Amino acid sequence: MKPLFPDWQFADSALRDTLETVCHRLAQAGGRPMLVGGCVRDHLLGHSAHDFDLEVFGLSAAQLQAALRHRFSFDLVGQSFAVIKLRGFPIDIALPRRESKQGVGHKGFAVVAVPDLTFAEAACRRDFTVNAIGYDPLAGTFEDPWQGRRDMADGILRHTSSHFSEDPLRVLRAMQFAARFQYRVAPETIELCRTIEPEDLPPERIFDEWRKLLVQGVRPSLGLDFLLACGWLRYFPELQALVGCAQDPAWHPEGDVWRHTLHCLDAFARERLGDPWEDLIVGLGVLCHDLGKPVTTVFQEGHYRSPGHDMAGLVPTRTFLERMTRQVDLIEAVLPLVQAHMRPVELFDVGAGDGAIRRLALLVGRVDRLVRVARADQMGRPPRPFDGFPAGDWLAGRANALAISAQRPTPLIKGRHLVVLGYAPGPAFGPLLEACFEAQLEGVFTDEEQGLRHLQQELRRDCWPLIRAEQ
């Protein structure tokens, strides 16, 4: 069999070999396999694709399954239109199909497999022209009936057809695609999106598009400005409130809080770690860090000020996130970053001691996350020059030295130590252990041995109503 993908990038040779075998077997059965969607787009952009979608023309669902059954294990998803997922490989195989809107939301479609559709007819149901390009691996040719390669070259994200408006999730896909590929959304697509409503989209699907914006977006500002332009920002009122919220130009020459937030997000994106979980938490922290300004901003003595906006940001941050996700651990990780986003500069300015840094770590959980949020905040103020972030460097260095950069301080002295000393567990344990932890945070002791000596000193003070176990 001749190689079918000589210039394509694959994660490994086994994936390439499997895809070639699948294509040859489908062709031998009388079908025409076409690679479609994101894998073709990413190949044309010079990127490695992580999953592959094949659309097979000219075969029925039974013929499709028969062509693969004796060589591959697979699962069927929605047998009425025969989507096959190969086990062990990121390869989906489907028949061309027609979709008609029957209900509201992302899943409100009736789907009918039509093996004899032309590629152009099948491609018209795809969201954007850049995702409506097909590649015939047997012929080595592309089919591009909707001029996706032209739009790709021009950096334009354009809807493929009127079918776009049938799925409201595509508006949010436009948001994250614009950010990931730095595309301008075509004016006609923006106008079409103005006519689309969310239609009870599942929160988890909405959040997944936001996740992609933050974790993969090269310029998140492009996606968020698109939401503003098409009117969808109103469905995220906590963010819409930032638009037009004034700031003191001496500190924020970039403009209002909305514009500042977008600059901060772009700065964050330039310095992502590549860890999806960490980048998501920090990205949400950057997105939400000034949500408290709309309710606290006042104009006094010739200046705009936002006293207490850090604490005021907790409620809108929680409501914004809870509408989209039930991941309590995620929400609880983001909230303290909003609350403490000004603390690195504040502590640096007063030359705070180790105790204050330990207490900050106790609040935020991970000082390294907070430094990233605060750094993006400082970077998001063009044309004001950014000459580094000494406060962040100082705090990161102190947190590393104290071994609390990526974790909260934990008590060295615990109830078990009192039990070993012969005391019966009781209500008085709590205040004594809290006092020991306070001393630990202040640096009175830094290891368990020192902590036990401190505990003994506290016990000798005879001010703790403890009960001996033998009593």
# chains A, B, ... in the order shown; residues from 1 in each chain; ligands from 1
>>> closest_atom_pairs(of="range 370-406 of chain A", to="range 441-455 of chain A", cutoff="12 Å", atoms="only C-alpha atoms", output="tab-separated table")
residue	atom	partner	partner_atom	distance
A:Leu402	CA	A:Thr446	CA	9.4
A:Ala403	CA	A:Thr446	CA	10.9
A:Ile404	CA	A:Leu441	CA	11.3
>>> select_by_dssp(residues="range 25-195 of chain A", states="strand (DSSP E)", output="number ranges by chain")
A: 32-36, 52-57, 74-77, 83-86, 91-94, 97-101, 109-113, 134-136, 141-143, 156-157, 184-185
>>> write_last_selection(atoms="N, CA and C atoms", output="short mmCIF file (atom, residue, chain, number, x, y, z; two decimals), in the first residue's frame")
data_model
loop_
_atom_site.label_atom_id
_atom_site.label_comp_id
_atom_site.auth_asym_id
_atom_site.auth_seq_id
_atom_site.Cartn_x
_atom_site.Cartn_y
_atom_site.Cartn_z
N ARG A 32 -15.42 6.22 -0.44
CA ARG A 32 -14.45 7.30 -0.63
C ARG A 32 -14.24 7.98 0.72
N PRO A 33 -13.16 7.63 1.43
CA PRO A 33 -12.90 8.26 2.72
C PRO A 33 -12.32 9.66 2.55
N MET A 34 -12.82 10.60 3.32
CA MET A 34 -12.33 11.97 3.28
C MET A 34 -12.02 12.42 4.72
N LEU A 35 -10.82 12.91 4.93
CA LEU A 35 -10.52 13.56 6.20
C LEU A 35 -11.20 14.91 6.22
N VAL A 36 -11.82 15.24 7.34
CA VAL A 36 -12.61 16.47 7.41
C VAL A 36 -12.36 17.17 8.75
N PHE A 52 -8.62 12.56 14.47
CA PHE A 52 -8.91 12.54 13.04
C PHE A 52 -10.35 12.13 12.81
N ASP A 53 -11.02 12.88 11.93
CA ASP A 53 -12.39 12.58 11.54
C ASP A 53 -12.42 12.19 10.07
N LEU A 54 -12.98 11.03 9.81
CA LEU A 54 -13.17 10.55 8.45
C LEU A 54 -14.65 10.57 8.11
N GLU A 55 -14.96 11.09 6.94
CA GLU A 55 -16.33 11.02 6.42
C GLU A 55 -16.25 10.13 5.18
N VAL A 56 -17.11 9.10 5.15
CA VAL A 56 -17.01 8.08 4.10
C VAL A 56 -18.22 8.17 3.20
N PHE A 57 -17.97 8.44 1.93
CA PHE A 57 -19.03 8.58 0.93
C PHE A 57 -19.17 7.27 0.16
N PHE A 74 -14.29 -1.45 17.52
CA PHE A 74 -14.84 -0.10 17.51
C PHE A 74 -16.14 -0.06 18.28
N ASP A 75 -16.56 1.16 18.59
CA ASP A 75 -17.84 1.41 19.24
C ASP A 75 -18.70 2.24 18.31
N LEU A 76 -20.02 1.98 18.35
CA LEU A 76 -20.97 2.73 17.55
C LEU A 76 -21.61 3.81 18.41
N VAL A 77 -21.68 4.99 17.87
CA VAL A 77 -22.33 6.11 18.55
C VAL A 77 -23.46 6.58 17.67
N VAL A 83 -21.77 6.51 13.43
CA VAL A 83 -20.46 7.07 13.80
C VAL A 83 -19.68 5.96 14.50
N ILE A 84 -18.51 5.68 13.98
CA ILE A 84 -17.67 4.62 14.51
C ILE A 84 -16.46 5.26 15.18
N LYS A 85 -16.21 4.86 16.43
CA LYS A 85 -15.02 5.29 17.15
C LYS A 85 -14.09 4.10 17.29
N LEU A 86 -12.91 4.19 16.69
CA LEU A 86 -11.95 3.11 16.80
C LEU A 86 -11.42 3.05 18.23
N ILE A 91 -9.63 8.25 16.28
CA ILE A 91 -10.16 8.25 14.91
C ILE A 91 -11.66 8.00 14.96
N ASP A 92 -12.43 8.93 14.43
CA ASP A 92 -13.88 8.79 14.29
C ASP A 92 -14.22 8.67 12.82
N ILE A 93 -15.14 7.77 12.51
CA ILE A 93 -15.53 7.52 11.12
C ILE A 93 -17.04 7.63 11.03
N ALA A 94 -17.53 8.41 10.07
CA ALA A 94 -18.97 8.65 9.97
C ALA A 94 -19.40 8.69 8.52
N ARG A 97 -24.19 13.19 6.32
CA ARG A 97 -25.56 13.22 6.84
C ARG A 97 -26.19 14.59 6.67
N ARG A 98 -27.50 14.56 6.71
CA ARG A 98 -28.28 15.79 6.73
C ARG A 98 -28.82 15.98 8.14
N GLU A 99 -28.82 17.23 8.58
CA GLU A 99 -29.36 17.57 9.89
C GLU A 99 -30.46 18.59 9.73
N SER A 100 -31.53 18.43 10.49
CA SER A 100 -32.61 19.41 10.46
C SER A 100 -32.98 19.77 11.89
N LYS A 101 -33.20 21.04 12.11
CA LYS A 101 -33.49 21.54 13.45
C LYS A 101 -34.90 21.11 13.86
N PHE A 109 -31.53 18.27 17.02
CA PHE A 109 -31.44 17.99 15.59
C PHE A 109 -31.96 16.59 15.27
N ALA A 110 -32.59 16.47 14.12
CA ALA A 110 -32.87 15.17 13.53
C ALA A 110 -31.77 14.91 12.50
N VAL A 111 -31.16 13.73 12.57
CA VAL A 111 -30.00 13.42 11.74
C VAL A 111 -30.31 12.21 10.88
N VAL A 112 -30.02 12.31 9.59
CA VAL A 112 -30.25 11.22 8.64
C VAL A 112 -28.99 11.00 7.84
N ALA A 113 -28.46 9.77 7.83
CA ALA A 113 -27.29 9.45 7.03
C ALA A 113 -27.69 9.37 5.56
N GLY A 134 -12.04 19.36 2.92
CA GLY A 134 -11.84 17.92 2.95
C GLY A 134 -10.55 17.52 2.27
N TYR A 135 -10.00 16.39 2.70
CA TYR A 135 -8.80 15.86 2.07
C TYR A 135 -9.03 14.41 1.70
N ASP A 136 -8.84 14.10 0.42
CA ASP A 136 -8.98 12.73 -0.08
C ASP A 136 -7.60 12.08 -0.05
N THR A 141 -5.76 14.90 -2.76
CA THR A 141 -6.31 16.20 -3.17
C THR A 141 -7.22 16.76 -2.08
N PHE A 142 -7.37 18.07 -2.10
CA PHE A 142 -8.28 18.77 -1.20
C PHE A 142 -9.57 19.13 -1.93
N GLU A 143 -10.66 19.13 -1.20
CA GLU A 143 -11.91 19.71 -1.71
C GLU A 143 -12.28 20.86 -0.79
N ILE A 156 -9.59 35.03 8.39
CA ILE A 156 -11.01 35.34 8.60
C ILE A 156 -11.75 34.10 9.05
N LEU A 157 -12.59 34.26 10.04
CA LEU A 157 -13.49 33.20 10.50
C LEU A 157 -14.88 33.52 9.98
N ARG A 184 -10.01 37.24 12.49
CA ARG A 184 -11.08 38.22 12.56
C ARG A 184 -12.38 37.54 12.15
N VAL A 185 -13.42 37.77 12.89
CA VAL A 185 -14.71 37.18 12.55
C VAL A 185 -15.35 38.05 11.47
#
>>> closest_residue(among="A:Gly37, A:Gly274, A:Pro90, A:Pro431", to="Asp144 in chain A", atoms="only C-alpha atoms")
A:Gly37
>>> closest_residue(among="A:Asp225, A:Glu278, A:Glu322, A:Glu301", to="Leu370 in chain A", atoms="only C-alpha atoms")
A:Glu278
>>> closest_residue(among="A:Leu287, A:Leu59, A:Ala340, A:Cys39", to="Gly308 in chain A", atoms="only C-alpha atoms")
A:Ala340
>>> atom_distance(atom1="CA of Arg87 in chain A", atom2="CA of Phe5 in chain A")
21.3 Å
>>> closest_residue(among="A:Pro203, A:Pro316, A:Pro253, A:Gly217", to="Glu238 in chain A", atoms="only C-alpha atoms")
A:Pro316
>>> closest_residue(among="A:Arg194, A:Arg211, A:Arg381, A:Arg126", to="Pro145 in chain A", atoms="only C-alpha atoms")
A:Arg126
>>> residues_around(residues="Leu273 in chain A", least_positions_apart="2", cutoff="12 Å", atoms="only C-alpha atoms", output="list in words")
Leu214, Val215, Gln216, Phe268, Ala269, Arg270, Glu271, Asp275, Pro276, Trp277, Glu278, Asp279, Leu280, Ile281, Val282, Gly283, Asp368, Arg369 and Arg372 of chain A
>>> atom_distance(atom1="CA of Ile413 in chain A", atom2="CA of Gln457 in chain A")
13.1 Å
>>> residues_around(residues="His309 in chain A", least_positions_apart="4", cutoff="10 Å", atoms="only C-alpha atoms", output="ChimeraX atom specification")
/A:289-297,305,313-314,338-339
>>> write_last_selection(atoms="N, CA and C atoms", output="mmCIF file, in the first residue's frame")
data_model
loop_
_atom_site.group_PDB
_atom_site.id
_atom_site.type_symbol
_atom_site.label_atom_id
_atom_site.label_comp_id
_atom_site.auth_asym_id
_atom_site.auth_seq_id
_atom_site.Cartn_x
_atom_site.Cartn_y
_atom_site.Cartn_z
ATOM 1 N N HIS A 289 -10.414 39.038 37.964
ATOM 2 C CA HIS A 289 -9.741 39.734 39.065
ATOM 3 C C HIS A 289 -10.332 41.107 39.365
ATOM 4 N N ASP A 290 -10.926 41.765 38.389
ATOM 5 C CA ASP A 290 -11.487 43.101 38.615
ATOM 6 C C ASP A 290 -13.011 43.140 38.531
ATOM 7 N N LEU A 291 -13.671 42.015 38.713
ATOM 8 C CA LEU A 291 -15.129 42.006 38.641
ATOM 9 C C LEU A 291 -15.767 42.843 39.743
ATOM 10 N N GLY A 292 -15.014 43.174 40.774
ATOM 11 C CA GLY A 292 -15.554 44.010 41.841
ATOM 12 C C GLY A 292 -15.496 45.501 41.560
ATOM 13 N N LYS A 293 -14.839 45.914 40.493
ATOM 14 C CA LYS A 293 -14.705 47.350 40.241
ATOM 15 C C LYS A 293 -16.020 48.041 39.865
ATOM 16 N N PRO A 294 -16.887 47.442 39.074
ATOM 17 C CA PRO A 294 -18.117 48.165 38.718
ATOM 18 C C PRO A 294 -18.952 48.607 39.919
ATOM 19 N N VAL A 295 -18.921 47.864 41.010
ATOM 20 C CA VAL A 295 -19.745 48.230 42.164
ATOM 21 C C VAL A 295 -18.990 49.070 43.186
ATOM 22 N N THR A 296 -17.695 49.294 42.974
ATOM 23 C CA THR A 296 -16.913 50.053 43.957
ATOM 24 C C THR A 296 -16.293 51.329 43.389
ATOM 25 N N THR A 297 -16.324 51.499 42.083
ATOM 26 C CA THR A 297 -15.629 52.633 41.477
ATOM 27 C C THR A 297 -16.346 53.943 41.772
ATOM 28 N N ARG A 305 -11.340 55.834 41.710
ATOM 29 C CA ARG A 305 -10.808 54.863 42.663
ATOM 30 C C ARG A 305 -11.810 53.720 42.816
ATOM 31 N N GLY A 313 -15.170 41.612 44.507
ATOM 32 C CA GLY A 313 -15.147 40.736 43.337
ATOM 33 C C GLY A 313 -15.517 39.296 43.619
ATOM 34 N N LEU A 314 -15.607 38.925 44.890
ATOM 35 C CA LEU A 314 -15.867 37.521 45.214
ATOM 36 C C LEU A 314 -17.259 37.081 44.784
ATOM 37 N N VAL A 338 -8.712 36.147 43.220
ATOM 38 C CA VAL A 338 -9.391 37.431 43.022
ATOM 39 C C VAL A 338 -9.256 38.284 44.279
ATOM 40 N N GLN A 339 -9.502 37.677 45.418
ATOM 41 C CA GLN A 339 -9.462 38.408 46.686
ATOM 42 C C GLN A 339 -8.081 38.997 46.967
#
>>> residues_around(residues="range 390-400 of chain A", least_positions_apart="3", cutoff="7 Å", atoms="only C-alpha atoms", output="number ranges by chain")
A: 344-345, 348, 367-368, 371, 375, 403-405
>>> write_last_selection(atoms="N, CA and C atoms", output="mmCIF file, in the first residue's frame")
data_model
loop_
_atom_site.group_PDB
_atom_site.id
_atom_site.type_symbol
_atom_site.label_atom_id
_atom_site.label_comp_id
_atom_site.auth_asym_id
_atom_site.auth_seq_id
_atom_site.Cartn_x
_atom_site.Cartn_y
_atom_site.Cartn_z
ATOM 1 N N PRO A 344 0.492 40.927 46.469
ATOM 2 C CA PRO A 344 1.942 40.914 46.220
ATOM 3 C C PRO A 344 2.564 42.311 46.250
ATOM 4 N N VAL A 345 1.931 43.268 45.601
ATOM 5 C CA VAL A 345 2.469 44.631 45.591
ATOM 6 C C VAL A 345 2.371 45.248 46.986
ATOM 7 N N PHE A 348 5.039 43.747 49.256
ATOM 8 C CA PHE A 348 6.369 44.190 48.821
ATOM 9 C C PHE A 348 6.621 45.629 49.251
ATOM 10 N N VAL A 367 0.919 30.269 46.178
ATOM 11 C CA VAL A 367 1.443 31.604 45.920
ATOM 12 C C VAL A 367 1.882 31.744 44.472
ATOM 13 N N ASP A 368 2.362 30.663 43.873
ATOM 14 C CA ASP A 368 2.817 30.763 42.481
ATOM 15 C C ASP A 368 1.663 31.145 41.553
ATOM 16 N N VAL A 371 1.053 34.965 42.015
ATOM 17 C CA VAL A 371 2.073 35.781 41.353
ATOM 18 C C VAL A 371 1.780 35.886 39.864
ATOM 19 N N ARG A 375 1.051 39.380 38.101
ATOM 20 C CA ARG A 375 1.968 39.779 37.020
ATOM 21 C C ARG A 375 1.178 40.168 35.772
ATOM 22 N N ALA A 403 9.175 27.229 51.354
ATOM 23 C CA ALA A 403 8.557 25.979 50.882
ATOM 24 C C ALA A 403 7.039 26.047 50.871
ATOM 25 N N ILE A 404 6.497 27.223 50.523
ATOM 26 C CA ILE A 404 5.039 27.372 50.469
ATOM 27 C C ILE A 404 4.601 27.974 49.131
ATOM 28 N N SER A 405 5.434 27.845 48.113
ATOM 29 C CA SER A 405 5.064 28.408 46.821
ATOM 30 C C SER A 405 3.883 27.674 46.211
#
>>> atom_distance(atom1="CA of Pro198 in chain A", atom2="CA of Pro96 in chain A")
26.7 Å
